[in-house]
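Contents: one structure, followed by commentary.
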Amino acid sequence: MSLANVALVDMHEDGSVDPVYQAKARVLNNAIQEIGMGRYQIHLFICAGFGWFADSVWPLITSLILTQVTAEFKFSGPYLTLAANIGLLVGAIVWSVGCDIWGRRWSFNLSLLIAGVFGLSAGGSSNFVSLASLLAVVGVGVGGNMPVDSAVFLDLVPGTHQYLLTVMSIWWCLGQLFCSLIAWPLIANFSCAPSTSEECLRSDNMGWRYLLFTLGGVSLLLWSIRFFVFDLVESPRFLVGIGKDAEAVEIIHKIAVYNGKTSSLTLDDLLDVDEKGKGMGGERPLLSRTSVYGLDHVKALFKTRKMAVSTSLLISLWGVIGLASTLYNSFLPFLLNSRGASFGDGSLDITYRNNFILSVIGVPGAFLAGWAVERPYIGRKGTLAIASGLTGAFLFASTTARSSNALLGWNCGYYFFSNIMYGVLYAISPEIFPAKDRGTGNGLVATATRVFGVIAPVIALYADISTVVPVYIAGGLVIFAGALALLIPFEPRGKASI
């Protein structure tokens, strides 16, 4: 089969990225499309999904254990959320920028290992300082999962199957489901009674520790599958970006063999681009240098007006949604418990039952998102805008609840559409960024959401979170984000990332 015209066209017009890199990326796209969706990509979908899983359970953990650890250690709850989000911020910067400098493999494997080791250790914390410090380090590991894993997946999947990156959010939903399912019996049965004036002793409050031990052990198990069972190859696009064309060709053929296929790609196909590149305005040394100096990766994302507008809007989107969701989600169990208590049903058992129900509701949203992003006239931008608008609407509606069941019902709608929103948001960003700058681009948007994730608990420290005001703020911000999504100048549907 000829490598010509096998893959989809890419979304970047000539001049928005280095022309030599773009030409080589198109050759690699055709080669990966020629191999097709096979065993390697399926196994990668599973192993990369572990990152979504970790990014779901560990940020959620602070809200699930908040009531119990504050009762035992006697501190202001938002400080724990603040510590965890500072770790997530550091991780987003280090791992995402790093994967454009030293490659994808190290970041892919180390981030989950750090989360598992320090998450397991956090279960043995004897005071607030040790718990907050260990969860901050967990955040450093977890913060790199989504930016790196999405880059890895897009680098190796055929352009016709890029929509699977949106479906990847099923792992995020399963993480929520698993965490809520485990937290329900452990915290409900092994915790101090809520709203009690008696001292909360460690021996009476082991539930949150059991939960951390469990999640730390699961994270280490997932890391071991990644490291010992699955052989992640380096990104061919990254290798081309640093001038290692021969290794990139070798990787393509290795994937082909794994899938039981053959590839017609040769080193000459890439070397021919270098010869033609002399008249394209691209220079080989610039490609190599851009994968060594991180600042060049940032500059590339603002190279043209269209690229600059796109990058700026994506950063704004992530920041706005990050502020809204962290402000709301970090204190959801508190909100459900306090509202439930006012209706006479605020027990730990009912609170975590409700969390489990909300987690189940999010699962079908991942599949609906994968279907919607491929629909004509809707695509990624339309799906993101619609899901964001409905997410905000359900947040507003939740303020009308006059019973805990009504509040739960509105929150079910919120969880369903917010999972669609996040599924598309986590996919559209890496799809738009060129592969040689994808880690850095993912880092910029992830940093934006983590920065506001740090701001949200600070707001909570000085605001009355028992009122509906945070809900109005969160709802308005999410609806505003949906409007921003429509302004993004690129639509990835039907086009291949490069």
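FYI, nothing fancy with the structure tokens labels: chains A, B, ... in order, residues from 1 per chain, ligands from 1 as they appear.
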Could I get the residues of segment 139-257 of chain A with an atom no further than 12 Å from an atom of segment 73-89 of chain A, each paired with its nearest atom pair and that distance in Å to one decimal, using only C-alpha atoms, sorted by chain and residue number, as CSV?
residue,atom,partner,partner_atom,distance
A:Gly139,CA,A:Gly87,CA,4.2
A:Val140,CA,A:Gly87,CA,4.5
A:Gly141,CA,A:Leu88,CA,7.6
A:Val142,CA,A:Leu88,CA,6.5
A:Gly143,CA,A:Leu88,CA,4.3
A:Gly144,CA,A:Leu88,CA,7.8
A:Asn145,CA,A:Leu88,CA,10.0
A:Met146,CA,A:Leu88,CA,10.9
A:Pro147,CA,A:Leu88,CA,11.6
A:Glu199,CA,A:Lys74,CA,10.0
A:Cys200,CA,A:Phe73,CA,8.5
A:Leu201,CA,A:Phe73,CA,9.3
A:Arg202,CA,A:Phe73,CA,9.4
A:Asn205,CA,A:Phe73,CA,10.8
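Closest approach to Asp437 of chain A from the set A:Gly362, A:Gly241, A:Pro376, A:Pro158 is made by A:Gly241, with distances taken over only C-alpha atoms.
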With distances taken over only C-alpha atoms, which of A:Leu270, A:Ala136, A:Ala496, A:Val451 is nearest to Asp245 of chain A? A:Leu270
Please return as a PyMOL selection string: the residues of segment 81-276 of chain A that backbone DSSP assigns to alpha helix (DSSP H). chain A and resi 81-98+104-122+128-142+145-156+164-167+169-189+207-224+236-241+245-258+267-276
Quick one: contact table of segment 352-394 of chain A to segment 47-66 of chain A, 12 Å max, nearest atom pair and distance in Å to one decimal per residue, counting only C-alpha atoms, chain and number order, as CSV?
residue,atom,partner,partner_atom,distance
A:Tyr352,CA,A:Leu64,CA,8.4
A:Arg353,CA,A:Leu64,CA,12.0
A:Asn354,CA,A:Leu64,CA,11.9
A:Asn355,CA,A:Leu64,CA,9.1
A:Phe356,CA,A:Leu64,CA,11.3
A:Ser359,CA,A:Ser56,CA,10.7
For those residues, write N, CA, C and O atoms to a file as a PDB file, in the first residue's frame.
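Generated file (part_27.pdb):
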ATOM      1  N   TYR A 352     -22.071   8.900  51.302  1.00  0.00           N
ATOM      2  CA  TYR A 352     -21.215   8.163  50.369  1.00  0.00           C
ATOM      3  C   TYR A 352     -22.021   7.293  49.412  1.00  0.00           C
ATOM      4  O   TYR A 352     -21.561   6.988  48.319  1.00  0.00           O
ATOM      5  N   ARG A 353     -23.229   6.939  49.805  1.00  0.00           N
ATOM      6  CA  ARG A 353     -24.129   6.297  48.841  1.00  0.00           C
ATOM      7  C   ARG A 353     -24.418   7.253  47.691  1.00  0.00           C
ATOM      8  O   ARG A 353     -24.407   6.865  46.518  1.00  0.00           O
ATOM      9  N   ASN A 354     -24.676   8.511  48.039  1.00  0.00           N
ATOM     10  CA  ASN A 354     -24.945   9.514  47.011  1.00  0.00           C
ATOM     11  C   ASN A 354     -23.745   9.736  46.113  1.00  0.00           C
ATOM     12  O   ASN A 354     -23.881   9.898  44.896  1.00  0.00           O
ATOM     13  N   ASN A 355     -22.533   9.752  46.701  1.00  0.00           N
ATOM     14  CA  ASN A 355     -21.329   9.886  45.893  1.00  0.00           C
ATOM     15  C   ASN A 355     -21.191   8.738  44.909  1.00  0.00           C
ATOM     16  O   ASN A 355     -20.771   8.918  43.755  1.00  0.00           O
ATOM     17  N   PHE A 356     -21.542   7.541  45.336  1.00  0.00           N
ATOM     18  CA  PHE A 356     -21.469   6.375  44.464  1.00  0.00           C
ATOM     19  C   PHE A 356     -22.464   6.507  43.312  1.00  0.00           C
ATOM     20  O   PHE A 356     -22.139   6.230  42.154  1.00  0.00           O
ATOM     21  N   SER A 359     -21.187   8.874  40.745  1.00  0.00           N
ATOM     22  CA  SER A 359     -20.103   8.293  39.954  1.00  0.00           C
ATOM     23  C   SER A 359     -20.650   7.376  38.868  1.00  0.00           C
ATOM     24  O   SER A 359     -20.126   7.350  37.746  1.00  0.00           O
TER      25      SER A 359
END
Need the shell around Arg375 of chain A: protein/DNA/RNA residues with any atom at most 10 Å away, counting only C-alpha atoms. Skip same-chain ones fewer than 5 positions apart. Format as a PDB file with N, CA and C atoms, in the first residue's frame?
ATOM      1  N   GLY A 370     -17.929  10.405  23.075  1.00  0.00           N
ATOM      2  CA  GLY A 370     -17.209   9.825  21.945  1.00  0.00           C
ATOM      3  C   GLY A 370     -18.044   9.796  20.679  1.00  0.00           C
ATOM      4  N   ARG A 380     -16.078  18.617  18.040  1.00  0.00           N
ATOM      5  CA  ARG A 380     -15.527  18.806  19.379  1.00  0.00           C
ATOM      6  C   ARG A 380     -16.044  20.094  20.022  1.00  0.00           C
ATOM      7  N   GLY A 382     -18.707  22.022  19.369  1.00  0.00           N
ATOM      8  CA  GLY A 382     -20.131  22.036  19.662  1.00  0.00           C
ATOM      9  C   GLY A 382     -20.475  21.176  20.866  1.00  0.00           C
ATOM     10  N   THR A 383     -19.874  19.985  20.928  1.00  0.00           N
ATOM     11  CA  THR A 383     -20.117  19.100  22.062  1.00  0.00           C
ATOM     12  C   THR A 383     -19.661  19.738  23.363  1.00  0.00           C
ATOM     13  N   ARG A 493     -12.404  17.590  14.325  1.00  0.00           N
ATOM     14  CA  ARG A 493     -13.202  16.506  13.757  1.00  0.00           C
ATOM     15  C   ARG A 493     -12.845  16.300  12.295  1.00  0.00           C
ATOM     16  N   GLY A 494     -12.579  15.049  11.929  1.00  0.00           N
ATOM     17  CA  GLY A 494     -12.272  14.698  10.558  1.00  0.00           C
ATOM     18  C   GLY A 494     -10.879  15.050  10.078  1.00  0.00           C
TER      19      GLY A 494
END
What gap, in Å, lies between atom CA of Cys412 of chain A and atom CA of Val360 of chain A?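 Going from atom CA of Cys412 of chain A over to atom CA of Val360 of chain A, I get 9.1 Å.
When only C-alpha atoms are used to compute distances to Leu28 of chain A, the closest of the residues A:Asn405, A:Thr266, A:Ser180, A:Ser96 turns out to be A:Thr266.
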I need the residue nearest Ile35 of chain A from this list: A:Gly159, A:Pro19, A:Gly475, A:Gly217. Use only C-alpha atoms for the distance.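 The answer is A:Gly159, which sits nearest to Ile35 of chain A.
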Give me the residues within 12 Å of Ile225 of chain A as a PDB file with C-alpha atoms, in the first residue's frame, counting only C-alpha atoms and dropping any in the same chain fewer than 6 places off.
ATOM      1  CA  HIS A  43      -3.251  -2.070  24.907  1.00  0.00           C
ATOM      2  CA  LEU A  44      -2.134   1.558  24.892  1.00  0.00           C
ATOM      3  CA  ILE A  46      -5.834   0.551  28.541  1.00  0.00           C
ATOM      4  CA  CYS A  47      -2.433   1.553  29.948  1.00  0.00           C
ATOM      5  CA  ALA A  48      -2.835   5.252  29.122  1.00  0.00           C
ATOM      6  CA  GLY A  49      -6.275   5.035  30.719  1.00  0.00           C
ATOM      7  CA  PHE A  50      -4.570   4.262  34.030  1.00  0.00           C
ATOM      8  CA  ASN A 109       6.161   5.484  33.827  1.00  0.00           C
ATOM      9  CA  LEU A 112       2.125   6.812  38.355  1.00  0.00           C
ATOM     10  CA  LEU A 113       4.891   5.267  40.486  1.00  0.00           C
ATOM     11  CA  VAL A 218      -4.005  -0.042  43.287  1.00  0.00           C
ATOM     12  CA  SER A 219      -1.857   2.748  41.824  1.00  0.00           C
ATOM     13  CA  ASP A 231       6.360  -1.960  26.395  1.00  0.00           C
ATOM     14  CA  LEU A 232       5.742   1.699  25.610  1.00  0.00           C
TER      15      LEU A 232
END
